[in-house]
$ cat target_17.csv   # CSV, C-alpha atoms
chain,number,residue,atom,x,y,z
A,60,MET,CA,174.7,151.2,247.8
A,61,LYS,CA,175.5,151.8,251.5
A,62,HIS,CA,173.0,152.6,254.1
A,63,ILE,CA,174.6,154.6,256.8
A,64,ARG,CA,172.5,153.2,259.6
A,65,CYS,CA,172.9,149.6,258.7
A,66,ALA,CA,175.7,147.8,260.6
A,67,VAL,CA,176.3,145.2,257.8
A,68,CYS,CA,176.5,147.9,255.1
A,69,LEU,CA,179.3,149.6,257.1
A,70,ASP,CA,181.0,146.3,258.1
A,71,PRO,CA,184.4,145.7,256.3
A,72,ARG,CA,183.5,142.0,256.0
A,73,ARG,CA,180.3,142.9,254.1
A,74,HIS,CA,181.4,141.1,250.9
A,75,ASP,CA,182.3,137.9,252.8
A,76,ILE,CA,179.0,137.9,254.7
A,77,GLU,CA,177.0,138.4,251.6
A,78,SER,CA,178.9,135.8,249.6
A,79,GLU,CA,178.2,133.2,252.4
A,80,LEU,CA,174.5,134.0,252.3
A,81,ALA,CA,174.4,133.8,248.5
A,82,ASP,CA,176.1,130.4,248.7
A,83,GLY,CA,173.2,129.3,250.9
A,84,ALA,CA,174.3,130.0,254.5
A,85,ARG,CA,171.5,130.5,256.9
A,86,LEU,CA,170.9,133.9,258.5
A,87,ARG,CA,171.0,132.9,262.2
A,88,PRO,CA,174.3,131.0,262.2
A,89,SER,CA,175.9,133.6,260.0
A,90,ALA,CA,174.8,136.4,262.3
A,91,ARG,CA,176.2,134.5,265.3
A,92,LYS,CA,179.5,133.8,263.4
A,93,HIS,CA,180.1,137.4,262.6
A,94,GLY,CA,178.8,138.9,265.9
A,95,LEU,CA,175.8,140.6,264.3
A,96,SER,CA,172.2,140.7,265.3
A,97,TYR,CA,169.8,138.4,263.4
A,98,ASP,CA,167.4,141.2,262.7
A,99,CYS,CA,170.1,143.5,261.4
A,100,LEU,CA,171.4,140.8,259.0
A,101,TRP,CA,167.8,139.9,257.9
A,102,ARG,CA,167.1,143.5,257.2
A,103,HIS,CA,170.3,144.0,255.2
A,104,TRP,CA,169.8,140.8,253.1
A,105,ARG,CA,166.2,141.6,252.4
A,106,ARG,CA,166.3,145.3,251.8
A,107,HIS,CA,169.9,146.3,250.9
A,108,VAL,CA,171.0,143.6,248.6
A,109,THR,CA,169.1,143.6,245.2
A,110,PRO,CA,168.2,140.3,243.4
A,111,GLU,CA,170.7,141.3,240.7
A,112,GLN,CA,173.5,141.6,243.3
A,113,LYS,CA,172.5,138.3,244.7
A,114,ASP,CA,172.7,136.7,241.3
A,115,LYS,CA,176.1,138.2,240.7
A,116,LEU,CA,177.3,136.9,244.1
A,117,ARG,CA,176.0,133.5,243.3
A,118,PHE,CA,177.3,133.1,239.8
A,119,GLY,CA,179.9,135.8,239.5
A,120,ASP,CA,180.5,137.3,236.1
A,121,ALA,CA,180.0,133.9,234.5
A,122,PRO,CA,180.2,133.8,230.7
A,123,ALA,CA,177.0,133.0,228.9
A,124,HIS,CA,177.9,129.3,228.2
A,125,LYS,CA,178.4,128.6,231.9
A,126,LEU,CA,175.0,130.0,232.7
A,127,LYS,CA,173.5,128.0,229.8
A,128,GLY,CA,175.2,125.0,231.3
A,129,MET,CA,173.4,125.6,234.5
A,130,VAL,CA,170.1,125.9,232.7
A,131,ALA,CA,170.8,122.7,230.8
A,132,GLU,CA,171.7,120.9,234.0
A,133,ALA,CA,168.3,121.9,235.4
A,134,GLU,CA,166.0,120.9,232.6
A,135,ILE,CA,167.1,120.7,228.9
A,136,SER,CA,169.2,117.6,228.2
A,137,VAL,CA,172.2,115.6,229.4
A,138,LEU,CA,174.0,115.9,226.1
A,139,LYS,CA,173.8,119.7,226.0
A,140,ASP,CA,175.0,119.8,229.5
A,141,LEU,CA,177.9,117.6,228.6
A,142,ASN,CA,178.7,119.9,225.7
A,143,PHE,CA,178.8,122.9,228.0
A,144,SER,CA,180.9,121.2,230.6
A,145,ARG,CA,183.3,120.0,227.9
A,146,ARG,CA,183.7,123.5,226.6
A,147,SER,CA,184.5,124.8,230.1
A,148,LEU,CA,187.0,122.0,230.6
A,149,ILE,CA,188.7,122.7,227.4
A,150,GLU,CA,188.9,126.4,228.3
A,151,ALA,CA,190.4,125.4,231.7
A,152,LEU,CA,192.9,123.1,229.9
A,153,GLU,CA,194.0,125.9,227.6
A,154,ALA,CA,194.5,128.3,230.5
A,155,THR,CA,196.6,125.7,232.4
A,156,PRO,CA,200.4,126.4,232.1
A,157,ALA,CA,202.2,124.0,229.9
A,158,GLU,CA,204.5,122.9,232.8
A,159,ASP,CA,201.6,122.0,235.2
A,160,ALA,CA,201.3,118.4,234.0
A,161,ASN,CA,199.3,117.4,237.1
A,162,ALA,CA,196.5,119.8,236.4
A,163,ARG,CA,196.5,119.0,232.7
A,164,ALA,CA,196.3,115.3,233.5
A,165,ALA,CA,193.4,115.9,235.9
A,166,LEU,CA,191.5,118.0,233.3
A,167,THR,CA,192.2,115.5,230.5
A,168,GLY,CA,190.9,112.7,232.8
A,169,ARG,CA,187.6,114.6,233.3
A,170,LEU,CA,187.4,115.2,229.5
A,171,HIS,CA,187.8,111.4,229.0
A,172,GLU,CA,185.0,110.8,231.4
A,173,ASN,CA,182.9,113.3,229.5
A,174,ALA,CA,183.6,111.5,226.2
A,175,ARG,CA,182.8,108.1,227.7
A,176,ILE,CA,179.4,109.3,228.9
A,177,ARG,CA,178.7,111.0,225.6
A,178,GLY,CA,179.7,107.8,223.8
A,179,GLN,CA,177.4,105.7,225.9
A,180,ILE,CA,174.4,108.0,225.4
A,181,SER,CA,175.0,108.4,221.6
A,182,GLY,CA,175.5,104.7,221.1
A,183,GLU,CA,179.1,105.0,220.0
A,184,LEU,CA,180.1,103.0,223.0
A,185,SER,CA,178.1,99.9,223.6
A,186,LYS,CA,177.7,98.9,227.2
A,187,SER,CA,178.4,95.2,226.6
A,188,SER,CA,181.3,93.7,224.7
A,189,LEU,CA,178.8,91.1,223.5
A,190,ILE,CA,176.9,93.7,221.5
A,191,THR,CA,178.3,94.6,218.1
A,192,ASN,CA,177.0,97.6,216.3
A,193,ASN,CA,177.2,97.1,212.6
A,194,SER,CA,176.4,100.4,210.9
A,195,LEU,CA,177.5,101.7,207.6
A,196,THR,CA,177.7,105.5,207.2
A,197,VAL,CA,178.4,106.9,203.8
A,198,ILE,CA,179.9,110.2,205.0
A,199,MET,CA,181.3,111.2,201.6
A,200,GLN,CA,177.8,111.9,200.4
A,201,SER,CA,176.9,113.8,203.5
A,202,PRO,CA,176.1,117.5,202.9
A,203,ALA,CA,177.8,118.3,206.2
A,204,LEU,CA,181.1,116.8,204.9
A,205,GLN,CA,180.8,118.6,201.5
A,206,GLU,CA,180.1,121.9,203.3
A,207,PHE,CA,183.1,121.2,205.6
A,208,LEU,CA,185.5,120.5,202.7
A,209,GLN,CA,184.3,123.6,200.8
A,210,GLY,CA,184.8,125.7,204.0
A,211,LEU,CA,188.3,124.2,204.5
A,212,ALA,CA,189.3,124.8,200.9
A,213,ALA,CA,188.1,128.4,201.2
A,214,LYS,CA,190.0,129.0,204.4
A,215,LEU,CA,193.2,127.5,202.9
A,216,ARG,CA,193.0,129.4,199.6
A,217,PRO,CA,195.1,132.3,200.9
A,218,PHE,CA,197.8,129.8,201.9
A,219,PRO,CA,198.8,127.9,198.8
A,220,ASP,CA,201.5,125.8,200.5
A,221,ALA,CA,199.1,124.6,203.1
A,222,LEU,CA,196.4,123.9,200.5
A,223,ARG,CA,198.8,121.9,198.4
A,224,ALA,CA,200.0,119.9,201.5
A,225,VAL,CA,196.4,119.0,202.4
A,226,VAL,CA,195.5,118.0,198.8
A,227,VAL,CA,198.7,115.8,198.6
A,228,TRP,CA,197.8,114.2,201.9
A,229,LEU,CA,194.2,113.5,200.8
A,230,GLU,CA,195.4,112.0,197.5
A,231,THR,CA,197.9,109.8,199.3
A,232,ARG,CA,195.2,108.6,201.6
A,233,GLU,CA,192.9,107.8,198.7
A,234,ALA,CA,195.7,105.9,196.9
A,235,GLN,CA,196.4,103.9,200.0
A,236,ALA,CA,192.7,103.1,200.4
A,237,LEU,CA,192.4,102.0,196.8
A,238,GLU,CA,195.5,99.8,197.1
A,239,ALA,CA,194.1,98.2,200.2
A,240,VAL,CA,190.9,97.4,198.4
A,241,SER,CA,192.6,96.0,195.3
A,242,SER,CA,195.0,93.9,197.3
A,243,THR,CA,192.3,92.0,199.2
A,244,ALA,CA,190.9,88.8,197.8
A,245,PRO,CA,187.7,89.1,195.7
A,246,THR,CA,184.5,88.5,197.5
A,247,LEU,CA,183.3,86.0,194.9
A,248,GLU,CA,185.8,83.7,193.4
A,249,HIS,CA,184.8,82.1,190.2
A,250,VAL,CA,186.3,78.7,189.7
A,251,PRO,CA,185.5,77.3,186.2
B,136,MET,CA,189.3,135.1,218.9
B,137,THR,CA,191.3,133.6,221.7
B,138,GLU,CA,195.0,133.2,221.3
B,139,VAL,CA,196.1,129.6,220.7
B,140,ARG,CA,199.3,128.4,222.3
B,141,PRO,CA,201.5,126.7,219.6
B,142,GLU,CA,201.6,123.4,221.4
B,143,LEU,CA,197.8,123.3,221.5
B,144,GLY,CA,197.3,123.9,217.8
B,145,THR,CA,196.6,120.3,216.8
B,146,PHE,CA,194.5,119.8,219.9
B,147,ARG,CA,192.3,122.8,219.0
B,148,LEU,CA,192.1,121.8,215.4
B,149,LEU,CA,191.0,118.3,216.1
B,150,HIS,CA,188.5,119.5,218.7
B,151,ALA,CA,187.0,121.8,216.1
B,152,PHE,CA,186.7,118.8,213.7
B,153,ALA,CA,185.2,116.7,216.4
B,154,GLU,CA,182.7,119.4,217.2
B,155,TYR,CA,181.8,119.7,213.5
B,156,PHE,CA,181.3,116.0,212.9
B,157,ASP,CA,180.0,115.4,216.5
B,158,SER,CA,182.4,112.5,216.8
B,159,THR,CA,183.5,111.1,220.2
B,160,ALA,CA,186.4,109.2,218.6
B,161,LEU,CA,187.7,112.5,217.2
B,162,HIS,CA,187.4,114.1,220.6
B,163,VAL,CA,189.5,111.3,222.1
B,164,ALA,CA,192.1,111.7,219.3
B,165,ALA,CA,192.2,115.5,220.1
B,166,LEU,CA,192.8,114.7,223.8
B,167,ARG,CA,195.6,112.3,222.8
B,168,GLU,CA,197.3,115.1,220.8
B,169,GLY,CA,196.9,117.5,223.7
B,170,MET,CA,198.5,114.9,226.1
B,171,LEU,CA,201.4,114.2,223.6
B,172,ALA,CA,202.0,118.0,223.5
B,173,ALA,CA,202.0,118.1,227.3
B,174,LEU,CA,204.3,115.2,227.5
B,175,ALA,CA,206.8,116.9,225.2
B,176,VAL,CA,207.2,119.8,227.7
B,177,PRO,CA,210.3,119.3,229.8
B,178,GLY,CA,209.9,119.0,233.5
B,179,GLY,CA,209.2,115.9,235.5
B,180,ALA,CA,206.4,116.9,237.8
B,181,GLY,CA,203.1,115.3,236.9
B,182,ARG,CA,204.5,113.1,234.2
B,183,ARG,CA,203.3,109.9,235.9
B,184,GLN,CA,199.8,111.2,236.1
B,185,LEU,CA,199.9,112.2,232.5
B,186,LEU,CA,201.1,108.7,231.5
B,187,VAL,CA,198.2,107.1,233.5
B,188,THR,CA,195.8,109.3,231.5
B,189,PHE,CA,197.3,107.8,228.3
B,190,ARG,CA,196.1,104.4,229.4
B,191,GLN,CA,192.6,105.8,229.9
B,192,ASN,CA,192.7,107.4,226.4
B,193,GLU,CA,194.0,104.2,224.8
B,194,ARG,CA,191.2,102.1,226.5
B,195,LEU,CA,188.5,104.6,225.3
B,196,HIS,CA,190.0,104.6,221.8
B,197,GLN,CA,189.9,100.8,221.7
B,198,GLU,CA,186.3,100.7,222.9
B,199,LEU,CA,185.3,103.3,220.3
B,200,THR,CA,187.2,102.0,217.3
B,201,GLY,CA,187.6,98.4,218.1
B,202,ARG,CA,191.4,98.5,217.8
B,203,GLY,CA,194.4,100.0,219.6
B,204,CYS,CA,196.2,103.2,218.6
B,205,ASP,CA,198.9,102.8,216.0
B,206,ASP,CA,200.8,106.0,216.9
B,207,LEU,CA,204.3,105.1,217.9
B,208,ARG,CA,204.5,108.0,220.4
B,209,VAL,CA,201.4,106.6,222.2
B,210,ARG,CA,203.1,103.1,222.3
B,211,ALA,CA,206.2,104.7,223.7
B,212,ALA,CA,204.2,106.5,226.4
B,213,LEU,CA,202.4,103.3,227.4
B,214,GLU,CA,205.6,101.4,227.5
B,215,GLU,CA,207.1,104.1,229.7
B,216,LEU,CA,204.1,103.8,232.0
B,217,GLU,CA,204.4,100.0,232.2
B,218,ALA,CA,208.1,100.3,233.1
B,219,LEU,CA,207.3,102.9,235.8
B,220,LEU,CA,204.5,100.7,237.3
B,221,ALA,CA,206.8,97.7,237.3
B,222,ARG,CA,209.5,99.7,239.1
B,223,GLU,CA,207.0,100.9,241.7
B,224,ARG,CA,205.8,97.3,242.2
B,225,GLY,CA,209.4,96.2,242.7
B,226,VAL,CA,209.9,98.9,245.3
B,227,ARG,CA,206.8,98.0,247.2
B,228,ARG,CA,207.7,94.3,247.2
B,229,ALA,CA,211.2,95.1,248.5
B,230,ARG,CA,209.7,97.3,251.2
B,231,ARG,CA,207.2,94.5,252.3
B,232,ARG,CA,210.1,92.0,252.3
B,233,GLU,CA,212.1,94.4,254.5
B,234,LEU,CA,209.2,94.7,256.9
B,235,ALA,CA,208.7,91.0,257.1
$ encode --input "target_17.csv" --output "structure tokens"
Amino acid sequence: MKHIRCAVCLDPRRHDIESELADGARLRPSARKHGLSYDCLWRHWRRHVTPEQKDKLRFGDAPAHKLKGMVAEAEISVLKDLNFSRRSLIEALEATPAEDANARAALTGRLHENARIRGQISGELSKSSLITNNSLTVIMQSPALQEFLQGLAAKLRPFPDALRAVVVWLETREAQALEAVSSTAPTLEHVP
Amino acid sequence: MTEVRPELGTFRLLHAFAEYFDSTALHVAALREGMLAALAVPGGAGRRQLLVTFRQNERLHQELTGRGCDDLRVRAALEELEALLARERGVRRARRRELA
């Protein structure tokens, strides 16, 4: 809303001035820079710009996940924050033109850094090469995997060729794994 | 649903798997596929930077899984990077010699 007696409201640079203030610029230097009186700018910022407008200037029309990222950054958890930033990076990567290899390399580099930090926090990456993590995870019995496979089969059902290809691939993998197990020497060798 | 560019299909799929299983190694594999797709796009600008990122990916993969990547396309990219770096080293050495 414009106030006809306010010099800032009528100023064509209004948006730039408000953006600067929303980004944290102080009133006095900003007034000096734009040739306005301090009182006039103070009045405009306090009375003519609503808190909602200030938020919009600060964050733009940010999607919900970006705002959630900001909240996570402030208080929730590092892992959640890393998730949000990863999602933003992937979105940026998808929006990058295929020919812009420089930008894609830069974004991929950042995603690698993200993965490294996540790996260190989750324990997937040990900090020292002297530490070896020996853990056995039976994922075939995991409910999450079963749910995943069922979901995958359901989604592939309308595409019989794709379903067959996936099944053939899984069977080949299983046969290879069995072959690898049977070709290794037995753990206990009985010598009569 | 957002439109997926054809060259990013595998990248998106692997990322979805990685999200589902919450696996950093799968995320790294997805990034590798994305880089391979980017490398296949013709046009020289930024290729070197992309190849350097391959080394970062390979290192992370090795740290996560305990072994190097078997993919021949990755091997080829790393060899291309080695050749490029060796050539750059040669050029720098020649320039230093010239200055001396």
$ closest_atom_pairs --input "target_17.csv" --of "chain A" --to "chain B" --cutoff "9 Å" --atoms "all atoms listed in the file" --output "CSV"
residue,atom,partner,partner_atom,distance
A:Glu153,CA,B:Leu143,CA,7.6
A:Ala157,CA,B:Ala173,CA,6.5
A:Glu158,CA,B:Val176,CA,6.6
A:Asp159,CA,B:Gly181,CA,7.1
A:Ala160,CA,B:Gly181,CA,4.6
A:Asn161,CA,B:Gly181,CA,4.3
A:Ala162,CA,B:Gly181,CA,8.0
A:Arg163,CA,B:Leu185,CA,7.6
A:Ala164,CA,B:Leu185,CA,4.9
A:Ala165,CA,B:Gln184,CA,7.9
A:Thr167,CA,B:Leu166,CA,6.8
A:Gly168,CA,B:Thr188,CA,6.1
A:Leu170,CA,B:Leu166,CA,7.9
A:His171,CA,B:Asn192,CA,6.8
A:Ala174,CA,B:Thr159,CA,6.0
A:Arg175,CA,B:Leu195,CA,7.1
A:Arg177,CA,B:Thr159,CA,7.2
A:Gly178,CA,B:Thr159,CA,6.2
A:Glu183,CA,B:Leu199,CA,6.4
A:Leu184,CA,B:Leu199,CA,5.9
A:Ser185,CA,B:Glu198,CA,8.3
A:Ser188,CA,B:Glu198,CA,8.8
A:Ala203,CA,B:Phe156,CA,7.9
A:Leu204,CA,B:Phe156,CA,8.0
A:Phe207,CA,B:Tyr155,CA,8.1
$ atom_distance --input "target_17.csv" --atom1 "CA of Leu166 (chain A)" --atom2 "CA of Leu148 (chain A)"
6.6 Å
$ atom_distance --input "target_17.csv" --atom1 "CA of Ser181 (chain A)" --atom2 "CA of Arg146 (chain A)"
18.1 Å
$ closest_residue --input "target_17.csv" --among "A:Gly210, A:Phe118, A:Cys68, A:Arg232" --to "Leu95 (chain A)" --atoms "only C-alpha atoms"
A:Cys68
$ residues_around --input "target_17.csv" --residues "Val225 (chain A)" --least-positions-apart "3" --cutoff "12 Å" --atoms "only C-alpha atoms" --output "number ranges by chain"
A: 208, 211-212, 215-216, 218-222, 228-232
$ atom_distance --input "target_17.csv" --atom1 "CA of Ala81 (chain A)" --atom2 "CA of Lys113 (chain A)"
6.2 Å
$ residues_near_point --input "target_17.csv" --point "(173.1, 139.1, 258.2)" --cutoff "8 Å" --atoms "all atoms listed in the file" --output "number ranges by chain"
A: 67, 76-77, 80, 86-87, 89-90, 95-104
